[in-house]
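Undergrad: Sharing work-v3.pdb here; it has PDB, C-alpha atoms.
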```pdb
ATOM      1  CA  MET T 120     -39.467  88.523 226.120  1.00  0.00           C
ATOM      2  CA  ARG T 121     -41.669  85.890 227.675  1.00  0.00           C
ATOM      3  CA  THR T 122     -42.224  85.782 231.370  1.00  0.00           C
ATOM      4  CA  HIS T 123     -41.997  82.613 233.384  1.00  0.00           C
ATOM      5  CA  HIS T 124     -44.552  81.949 236.062  1.00  0.00           C
ATOM      6  CA  HIS T 125     -43.482  81.774 239.678  1.00  0.00           C
ATOM      7  CA  VAL T 126     -45.586  79.092 241.248  1.00  0.00           C
ATOM      8  CA  LEU T 127     -45.149  77.675 244.716  1.00  0.00           C
ATOM      9  CA  PRO T 128     -47.221  74.887 246.233  1.00  0.00           C
ATOM     10  CA  PRO T 129     -49.880  76.120 248.645  1.00  0.00           C
ATOM     11  CA  ARG T 130     -47.907  74.944 251.686  1.00  0.00           C
ATOM     12  CA  ALA T 131     -44.624  76.421 250.517  1.00  0.00           C
ATOM     13  CA  GLY T 132     -44.972  79.883 251.982  1.00  0.00           C
ATOM     14  CA  ALA T 133     -42.096  82.326 251.950  1.00  0.00           C
ATOM     15  CA  GLY T 134     -38.632  81.995 253.370  1.00  0.00           C
ATOM     16  CA  HIS T 135     -37.299  78.517 253.975  1.00  0.00           C
ATOM     17  CA  LEU T 136     -38.516  75.077 254.937  1.00  0.00           C
ATOM     18  CA  ALA T 137     -36.730  72.239 256.746  1.00  0.00           C
ATOM     19  CA  LEU T 138     -37.941  69.008 255.153  1.00  0.00           C
ATOM     20  CA  ASP T 139     -37.151  65.324 255.497  1.00  0.00           C
ATOM     21  CA  GLU T 140     -36.926  63.257 252.289  1.00  0.00           C
ATOM     22  CA  SER T 141     -40.612  62.308 252.294  1.00  0.00           C
ATOM     23  CA  GLU T 142     -41.679  65.936 252.818  1.00  0.00           C
ATOM     24  CA  LEU T 143     -39.235  67.110 250.127  1.00  0.00           C
ATOM     25  CA  ARG T 144     -40.728  64.600 247.667  1.00  0.00           C
ATOM     26  CA  GLN T 145     -44.283  65.738 248.491  1.00  0.00           C
ATOM     27  CA  TRP T 146     -43.291  69.421 248.179  1.00  0.00           C
ATOM     28  CA  GLY T 147     -41.841  68.685 244.736  1.00  0.00           C
ATOM     29  CA  ILE T 148     -44.950  66.775 243.654  1.00  0.00           C
ATOM     30  CA  ASP T 149     -47.124  69.713 244.770  1.00  0.00           C
ATOM     31  CA  LEU T 150     -44.891  72.146 242.897  1.00  0.00           C
ATOM     32  CA  GLY T 151     -44.986  70.051 239.733  1.00  0.00           C
ATOM     33  CA  ALA T 152     -48.768  69.775 239.924  1.00  0.00           C
ATOM     34  CA  SER T 153     -49.095  73.560 240.159  1.00  0.00           C
ATOM     35  CA  CYS T 154     -46.687  74.468 237.316  1.00  0.00           C
ATOM     36  CA  THR T 155     -47.972  76.062 234.140  1.00  0.00           C
ATOM     37  CA  PRO T 156     -45.585  76.063 231.167  1.00  0.00           C
ATOM     38  CA  PRO T 157     -43.457  77.786 230.189  1.00  0.00           C
ATOM     39  CA  ILE T 158     -41.556  77.664 233.454  1.00  0.00           C
ATOM     40  CA  ILE T 159     -37.882  77.324 234.279  1.00  0.00           C
ATOM     41  CA  ILE T 160     -36.872  76.023 237.697  1.00  0.00           C
ATOM     42  CA  SER T 161     -33.240  76.165 238.784  1.00  0.00           C
ATOM     43  CA  LEU T 162     -31.917  73.907 241.539  1.00  0.00           C
ATOM     44  CA  THR T 163     -28.759  74.618 243.500  1.00  0.00           C
ATOM     45  CA  GLY T 164     -27.135  72.918 246.460  1.00  0.00           C
ATOM     46  CA  GLU T 165     -24.208  70.723 247.378  1.00  0.00           C
ATOM     47  CA  LEU T 166     -23.694  67.295 245.818  1.00  0.00           C
ATOM     48  CA  GLY T 167     -26.126  64.892 247.451  1.00  0.00           C
ATOM     49  CA  ALA T 168     -28.395  67.609 248.845  1.00  0.00           C
ATOM     50  CA  GLY T 169     -31.415  66.262 246.977  1.00  0.00           C
ATOM     51  CA  LYS T 170     -31.564  68.191 243.687  1.00  0.00           C
ATOM     52  CA  THR T 171     -32.269  65.100 241.572  1.00  0.00           C
ATOM     53  CA  THR T 172     -34.802  63.799 244.131  1.00  0.00           C
ATOM     54  CA  LEU T 173     -36.595  67.136 243.945  1.00  0.00           C
ATOM     55  CA  ALA T 174     -36.432  67.163 240.123  1.00  0.00           C
ATOM     56  CA  GLN T 175     -37.929  63.642 240.048  1.00  0.00           C
ATOM     57  CA  SER T 176     -40.746  64.742 242.345  1.00  0.00           C
ATOM     58  CA  ILE T 177     -41.493  67.885 240.324  1.00  0.00           C
ATOM     59  CA  CYS T 178     -41.654  65.745 237.166  1.00  0.00           C
ATOM     60  CA  ALA T 179     -43.975  63.237 238.850  1.00  0.00           C
ATOM     61  CA  GLY T 180     -46.318  66.008 239.974  1.00  0.00           C
ATOM     62  CA  TYR T 181     -46.226  67.507 236.483  1.00  0.00           C
ATOM     63  CA  GLY T 182     -47.336  64.211 234.930  1.00  0.00           C
ATOM     64  CA  VAL T 183     -44.143  62.532 233.712  1.00  0.00           C
ATOM     65  CA  THR T 184     -44.783  58.785 233.982  1.00  0.00           C
ATOM     66  CA  GLU T 185     -41.423  57.388 232.869  1.00  0.00           C
ATOM     67  CA  PRO T 186     -38.474  57.071 235.292  1.00  0.00           C
ATOM     68  CA  VAL T 187     -36.578  60.351 235.716  1.00  0.00           C
ATOM     69  CA  THR T 188     -32.837  59.831 236.082  1.00  0.00           C
ATOM     70  CA  SER T 189     -29.951  62.200 236.624  1.00  0.00           C
ATOM     71  CA  PRO T 190     -28.716  63.671 233.333  1.00  0.00           C
ATOM     72  CA  THR T 191     -25.165  64.113 234.656  1.00  0.00           C
ATOM     73  CA  TYR T 192     -23.508  62.401 231.697  1.00  0.00           C
ATOM     74  CA  ASN T 193     -25.979  63.265 228.931  1.00  0.00           C
ATOM     75  CA  LEU T 194     -26.527  66.811 230.283  1.00  0.00           C
ATOM     76  CA  VAL T 195     -30.122  66.889 228.954  1.00  0.00           C
ATOM     77  CA  HIS T 196     -33.013  64.454 229.359  1.00  0.00           C
ATOM     78  CA  ARG T 197     -36.349  65.126 227.663  1.00  0.00           C
ATOM     79  CA  TYR T 198     -39.614  63.684 228.957  1.00  0.00           C
ATOM     80  CA  GLU T 199     -43.212  63.918 227.808  1.00  0.00           C
ATOM     81  CA  ALA T 200     -46.052  65.086 230.038  1.00  0.00           C
ATOM     82  CA  PRO T 201     -49.678  65.983 229.280  1.00  0.00           C
ATOM     83  CA  ARG T 202     -49.083  69.755 229.619  1.00  0.00           C
ATOM     84  CA  SER T 203     -45.780  70.003 227.731  1.00  0.00           C
ATOM     85  CA  ALA T 204     -42.366  68.530 227.223  1.00  0.00           C
ATOM     86  CA  VAL T 205     -40.067  68.484 230.244  1.00  0.00           C
ATOM     87  CA  PHE T 206     -36.335  69.120 229.999  1.00  0.00           C
ATOM     88  CA  HIS T 207     -34.129  68.077 232.922  1.00  0.00           C
ATOM     89  CA  ILE T 208     -30.702  69.620 232.473  1.00  0.00           C
ATOM     90  CA  ASP T 209     -27.616  69.036 234.626  1.00  0.00           C
ATOM     91  CA  LEU T 210     -24.860  71.548 233.873  1.00  0.00           C
ATOM     92  CA  TYR T 211     -22.361  70.155 236.412  1.00  0.00           C
ATOM     93  CA  ARG T 212     -20.054  68.821 233.691  1.00  0.00           C
ATOM     94  CA  LEU T 213     -20.356  71.903 231.473  1.00  0.00           C
ATOM     95  CA  GLU T 214     -16.884  73.305 230.891  1.00  0.00           C
ATOM     96  CA  LYS T 215     -17.756  76.762 229.586  1.00  0.00           C
ATOM     97  CA  GLU T 216     -20.854  78.862 229.017  1.00  0.00           C
ATOM     98  CA  SER T 217     -20.448  78.610 225.225  1.00  0.00           C
ATOM     99  CA  ASP T 218     -20.999  74.818 225.503  1.00  0.00           C
ATOM    100  CA  LEU T 219     -24.679  75.615 226.132  1.00  0.00           C
ATOM    101  CA  THR T 220     -25.099  76.116 222.380  1.00  0.00           C
ATOM    102  CA  ASN T 221     -24.050  72.496 221.775  1.00  0.00           C
ATOM    103  CA  ILE T 222     -26.855  71.147 223.984  1.00  0.00           C
ATOM    104  CA  GLY T 223     -29.556  73.255 222.302  1.00  0.00           C
ATOM    105  CA  TRP T 224     -29.913  75.629 225.273  1.00  0.00           C
ATOM    106  CA  ASP T 225     -31.532  78.513 223.365  1.00  0.00           C
ATOM    107  CA  GLU T 226     -34.137  76.211 221.798  1.00  0.00           C
ATOM    108  CA  ILE T 227     -34.865  74.499 225.121  1.00  0.00           C
ATOM    109  CA  ILE T 228     -35.461  77.697 227.086  1.00  0.00           C
ATOM    110  CA  ALA T 229     -37.551  79.157 224.231  1.00  0.00           C
ATOM    111  CA  ASP T 230     -39.786  76.048 224.207  1.00  0.00           C
ATOM    112  CA  ARG T 231     -43.177  76.133 225.906  1.00  0.00           C
ATOM    113  CA  ALA T 232     -41.975  73.559 228.416  1.00  0.00           C
ATOM    114  CA  LEU T 233     -41.090  72.828 231.999  1.00  0.00           C
ATOM    115  CA  VAL T 234     -37.311  73.179 232.232  1.00  0.00           C
ATOM    116  CA  ILE T 235     -35.469  72.031 235.371  1.00  0.00           C
ATOM    117  CA  VAL T 236     -31.818  73.099 235.552  1.00  0.00           C
ATOM    118  CA  GLU T 237     -29.341  71.669 238.068  1.00  0.00           C
ATOM    119  CA  TRP T 238     -26.132  73.674 238.573  1.00  0.00           C
ATOM    120  CA  PRO T 239     -27.617  76.797 236.880  1.00  0.00           C
ATOM    121  CA  GLU T 240     -24.610  78.922 237.840  1.00  0.00           C
ATOM    122  CA  ARG T 241     -22.722  77.134 235.026  1.00  0.00           C
ATOM    123  CA  ALA T 242     -25.076  78.833 232.528  1.00  0.00           C
ATOM    124  CA  GLY T 243     -23.748  82.250 233.579  1.00  0.00           C
ATOM    125  CA  ASN T 244     -25.487  85.143 231.838  1.00  0.00           C
ATOM    126  CA  ARG T 245     -27.492  82.770 229.646  1.00  0.00           C
ATOM    127  CA  MET T 246     -29.706  81.710 232.554  1.00  0.00           C
ATOM    128  CA  PRO T 247     -32.930  83.662 231.929  1.00  0.00           C
ATOM    129  CA  ASP T 248     -34.299  86.172 234.395  1.00  0.00           C
ATOM    130  CA  GLY T 249     -37.613  85.360 235.996  1.00  0.00           C
ATOM    131  CA  HIS T 250     -37.031  81.681 236.711  1.00  0.00           C
ATOM    132  CA  LEU T 251     -37.995  79.992 239.974  1.00  0.00           C
ATOM    133  CA  HIS T 252     -34.833  79.379 241.980  1.00  0.00           C
ATOM    134  CA  ILE T 253     -34.710  76.652 244.640  1.00  0.00           C
ATOM    135  CA  ASP T 254     -31.676  76.116 246.852  1.00  0.00           C
ATOM    136  CA  LEU T 255     -31.257  72.947 248.923  1.00  0.00           C
ATOM    137  CA  GLN T 256     -28.831  72.777 251.830  1.00  0.00           C
ATOM    138  CA  TYR T 257     -28.093  70.262 254.540  1.00  0.00           C
ATOM    139  CA  SER T 258     -29.731  71.152 257.848  1.00  0.00           C
ATOM    140  CA  ALA T 259     -27.200  71.977 260.557  1.00  0.00           C
ATOM    141  CA  ASP T 260     -29.653  70.695 263.190  1.00  0.00           C
ATOM    142  CA  ASP T 261     -30.696  67.420 261.544  1.00  0.00           C
ATOM    143  CA  PRO T 262     -28.660  65.635 258.838  1.00  0.00           C
ATOM    144  CA  ALA T 263     -31.815  63.842 257.602  1.00  0.00           C
ATOM    145  CA  ARG T 264     -33.472  67.163 256.750  1.00  0.00           C
ATOM    146  CA  ARG T 265     -32.834  69.601 253.923  1.00  0.00           C
ATOM    147  CA  VAL T 266     -33.341  73.336 254.162  1.00  0.00           C
ATOM    148  CA  LEU T 267     -35.202  74.508 251.069  1.00  0.00           C
ATOM    149  CA  LEU T 268     -35.184  78.163 250.050  1.00  0.00           C
ATOM    150  CA  ALA T 269     -37.411  79.129 247.123  1.00  0.00           C
ATOM    151  CA  GLY T 270     -37.795  82.445 245.405  1.00  0.00           C
TER     152      GLY T 270
END
```
With the file now loaded, output its structure as structure tokens.

TA:
Amino acid sequence: MRTHHHVLPPRAGAGHLALDESELRQWGIDLGASCTPPIIISLTGELGAGKTTLAQSICAGYGVTEPVTSPTYNLVHRYEAPRSAVFHIDLYRLEKESDLTNIGWDEIIADRALVIVEWPERAGNRMPDGHLHIDLQYSADDPARRVLLAG
């Protein structure tokens, strides 16, 4: 069983952060820059909370140069970066856990890659232990900010 590295940007600290969009993008870039493959990052939060924005920023910091778009309809997008391949997976449209086999889930998570998973709860028991989990929520105090919890 391989372990996945838990890496947080130097400014991340513990607990939660309240970030505006610019700060969220910079936090993601810092996280991407500090990632060492293999690493799996799961992103949760309501629709529109900023999961794809954060995924794009992580990819940019990791070295992906092509545009990163939401894989909502394709479920999986693969990108190249200097350190490894990057898989951006959106499981929102997944109907059942067994559908993971059809998208090559086992091969993707076994790859020496950066794997970013939106809606990881849809993977059920097949989501590996030891991944970095990030939850984004709307701030009750300021609708322009997102509360980020990482752990």

Undergrad: Find the residues around Ala204 in chain T up to 12 Å (only C-alpha atoms counted), leave out those fewer than 3 positions away in its own chain, and share them as a ChimeraX atom specification.

TA: /T:155-158,178,181-183,196-201,207,227-228,230-235

Undergrad: Put a box with edges along x, y and z around all the listed atoms of range 252-262 of chain T, pad it by 6 Å on each side, then give me its centre and sizes in Å, one decimal, as lines of an AutoDock Vina configuration file.

TA:
```
center_x = -31.0
center_y = 72.5
center_z = 252.6
size_x = 19.6
size_y = 25.7
size_z = 33.2
```

Undergrad: Give me the residues within 7 Å of range 268-270 of chain T as a ChimeraX atom specification, counting all atoms listed in the file and dropping any in the same chain fewer than 6 places off.

TA: /T:134-136,251-255

Undergrad: Would you list the contacts of Gly164 in chain T as a list in words, taking every protein, DNA or RNA residue within 12 Å and counting all atoms listed in the file, but skipping same-chain residues closer than 5 positions in sequence?

TA: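 Those residues are Gly169, Lys170, Thr171, Leu173, Tyr211, Val236, Glu237, Trp238, Pro239, Glu240, His252, Ile253, Asp254, Leu255, Gln256, Tyr257, Ser258, Arg265, Val266, Leu267 and Leu268 of chain T.
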
Undergrad: Specify as a CSV table (one decimal) with C-alpha atoms, in the coordinates of the input each residue included when the PyMOL selection byres ((chain T and resi 212) around 10) is applied to this file.

TA:
```
chain,number,residue,atom,x,y,z
T,191,THR,CA,-25.2,64.1,234.7
T,192,TYR,CA,-23.5,62.4,231.7
T,193,ASN,CA,-26.0,63.3,228.9
T,194,LEU,CA,-26.5,66.8,230.3
T,209,ASP,CA,-27.6,69.0,234.6
T,210,LEU,CA,-24.9,71.5,233.9
T,211,TYR,CA,-22.4,70.2,236.4
T,213,LEU,CA,-20.4,71.9,231.5
T,214,GLU,CA,-16.9,73.3,230.9
T,215,LYS,CA,-17.8,76.8,229.6
T,238,TRP,CA,-26.1,73.7,238.6
T,241,ARG,CA,-22.7,77.1,235.0
```

Undergrad: Using CA of Thr188 in chain T and CA of Ala259 in chain T as the two end points, give the distance in Å to one decimal.

TA: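 It comes out at 27.9 Å.
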
Undergrad: Any chance you could resolve the PyMOL selection byres ((chain T and resi 144) around 12) against this file and give the residues as a list in words?

TA: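 With the PyMOL selection byres ((chain T and resi 144) around 12) on this model, the match is Leu138, Asp139, Glu140, Ser141, Glu142, Leu143, Gln145, Trp146, Gly147, Ile148, Asp149, Leu150, Gly151, Gly169, Lys170, Thr171, Thr172, Leu173, Ala174, Gln175, Ser176, Ile177, Cys178, Ala179, Gly180, Arg264, Arg265 and Leu267 of chain T.
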
Undergrad: How many Å separate CA of Asp218 in chain T from CA of Ser161 in chain T?

TA: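 Separating CA of Asp218 in chain T from CA of Ser161 in chain T is a distance of 18.1 Å.
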
Undergrad: Could you tell me which of T:Ala263, T:Leu219, T:Cys154, T:Leu162 comes closest to Ser203 in chain T if we count all atoms listed in the file?

TA: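 So, comparing all the options, the nearest one is T:Cys154.
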
Undergrad: Can you measure CA of Gly243 in chain T to CA of Val205 in chain T for me? One decimal in Å is fine.

TA: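 Separation of CA of Gly243 in chain T and CA of Val205 in chain T: 21.6 Å.
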
Undergrad: For each of T:Ala168, T:Thr184, T:Pro262, T:Gly223, take the minimum atom-to-atom distance to Ile208 in chain T, counting all atoms listed in the file, then give the residue where this is smallest.

TA: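 Closest to Ile208 in chain T of all the choices is T:Gly223.
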
Undergrad: Working from the structure I just supplied, which lacks atoms in range 128-163 of chain T, can you model N, CA and C atoms there and output them as a CSV table (one decimal), in the coordinates of the input?

TA:
```
chain,number,residue,atom,x,y,z
T,128,PRO,N,-46.1,75.7,245.7
T,128,PRO,CA,-47.2,74.9,246.2
T,128,PRO,C,-47.9,75.6,247.4
T,129,PRO,N,-49.2,75.4,247.6
T,129,PRO,CA,-49.9,76.1,248.6
T,129,PRO,C,-49.2,76.1,250.0
T,130,ARG,N,-48.5,75.0,250.4
T,130,ARG,CA,-47.9,74.9,251.7
T,130,ARG,C,-46.5,75.5,251.7
T,131,ALA,N,-46.0,76.0,250.6
T,131,ALA,CA,-44.6,76.4,250.5
T,131,ALA,C,-44.4,77.7,251.3
T,132,GLY,N,-45.2,78.7,251.2
T,132,GLY,CA,-45.0,79.9,252.0
T,132,GLY,C,-43.7,80.6,251.5
T,133,ALA,N,-43.3,81.6,252.3
T,133,ALA,CA,-42.1,82.3,252.0
T,133,ALA,C,-41.0,81.9,252.9
T,134,GLY,N,-39.8,82.3,252.5
T,134,GLY,CA,-38.6,82.0,253.4
T,134,GLY,C,-38.1,80.6,253.1
T,135,HIS,N,-37.9,79.8,254.2
T,135,HIS,CA,-37.3,78.5,254.0
T,135,HIS,C,-38.1,77.5,254.7
T,136,LEU,N,-37.9,76.2,254.3
T,136,LEU,CA,-38.5,75.1,254.9
T,136,LEU,C,-37.4,74.1,255.3
T,137,ALA,N,-37.6,73.4,256.4
T,137,ALA,CA,-36.7,72.2,256.7
T,137,ALA,C,-37.5,71.0,256.6
T,138,LEU,N,-37.1,70.2,255.6
T,138,LEU,CA,-37.9,69.0,255.2
T,138,LEU,C,-37.1,67.7,255.2
T,139,ASP,N,-37.8,66.6,255.6
T,139,ASP,CA,-37.2,65.3,255.5
T,139,ASP,C,-37.4,64.8,254.1
T,140,GLU,N,-36.8,63.7,253.7
T,140,GLU,CA,-36.9,63.3,252.3
T,140,GLU,C,-38.4,63.1,251.8
T,141,SER,N,-39.2,62.5,252.7
T,141,SER,CA,-40.6,62.3,252.3
T,141,SER,C,-41.3,63.7,252.1
T,142,GLU,N,-41.1,64.6,253.0
T,142,GLU,CA,-41.7,65.9,252.8
T,142,GLU,C,-41.1,66.7,251.6
T,143,LEU,N,-39.8,66.5,251.3
T,143,LEU,CA,-39.2,67.1,250.1
T,143,LEU,C,-39.9,66.6,248.9
T,144,ARG,N,-40.1,65.2,248.8
T,144,ARG,CA,-40.7,64.6,247.7
T,144,ARG,C,-42.1,65.1,247.5
T,145,GLN,N,-42.9,65.2,248.6
T,145,GLN,CA,-44.3,65.7,248.5
T,145,GLN,C,-44.3,67.2,248.1
T,146,TRP,N,-43.4,68.0,248.6
T,146,TRP,CA,-43.3,69.4,248.2
T,146,TRP,C,-43.0,69.5,246.7
T,147,GLY,N,-42.1,68.7,246.2
T,147,GLY,CA,-41.8,68.7,244.7
T,147,GLY,C,-43.0,68.2,243.9
T,148,ILE,N,-43.7,67.2,244.4
T,148,ILE,CA,-45.0,66.8,243.7
T,148,ILE,C,-46.0,67.9,243.6
T,149,ASP,N,-46.2,68.6,244.7
T,149,ASP,CA,-47.1,69.7,244.8
T,149,ASP,C,-46.7,70.8,243.8
T,150,LEU,N,-45.4,71.1,243.8
T,150,LEU,CA,-44.9,72.1,242.9
T,150,LEU,C,-45.1,71.7,241.4
T,151,GLY,N,-44.8,70.5,241.1
T,151,GLY,CA,-45.0,70.1,239.7
T,151,GLY,C,-46.4,70.1,239.3
T,152,ALA,N,-47.3,69.8,240.2
T,152,ALA,CA,-48.8,69.8,239.9
T,152,ALA,C,-49.3,71.2,239.7
T,153,SER,N,-48.6,72.2,240.3
T,153,SER,CA,-49.1,73.6,240.2
T,153,SER,C,-48.4,74.3,239.0
T,154,CYS,N,-47.4,73.8,238.4
T,154,CYS,CA,-46.7,74.5,237.3
T,154,CYS,C,-47.5,74.6,236.0
T,155,THR,N,-47.4,75.8,235.4
T,155,THR,CA,-48.0,76.1,234.1
T,155,THR,C,-46.8,76.4,233.2
T,156,PRO,N,-46.7,75.7,232.1
T,156,PRO,CA,-45.6,76.1,231.2
T,156,PRO,C,-45.9,77.4,230.4
T,157,PRO,N,-44.9,78.1,230.0
T,157,PRO,CA,-43.5,77.8,230.2
T,157,PRO,C,-43.0,78.2,231.6
T,158,ILE,N,-42.2,77.4,232.2
T,158,ILE,CA,-41.6,77.7,233.5
T,158,ILE,C,-40.2,77.1,233.5
T,159,ILE,N,-39.2,77.8,234.1
T,159,ILE,CA,-37.9,77.3,234.3
T,159,ILE,C,-37.6,77.3,235.8
T,160,ILE,N,-37.2,76.2,236.3
T,160,ILE,CA,-36.9,76.0,237.7
T,160,ILE,C,-35.4,75.7,237.8
T,161,SER,N,-34.7,76.5,238.6
T,161,SER,CA,-33.2,76.2,238.8
T,161,SER,C,-33.1,75.6,240.2
T,162,LEU,N,-32.2,74.6,240.3
T,162,LEU,CA,-31.9,73.9,241.5
T,162,LEU,C,-30.4,74.0,241.9
T,163,THR,N,-30.1,74.6,243.0
T,163,THR,CA,-28.8,74.6,243.5
T,163,THR,C,-28.6,73.9,244.8
```
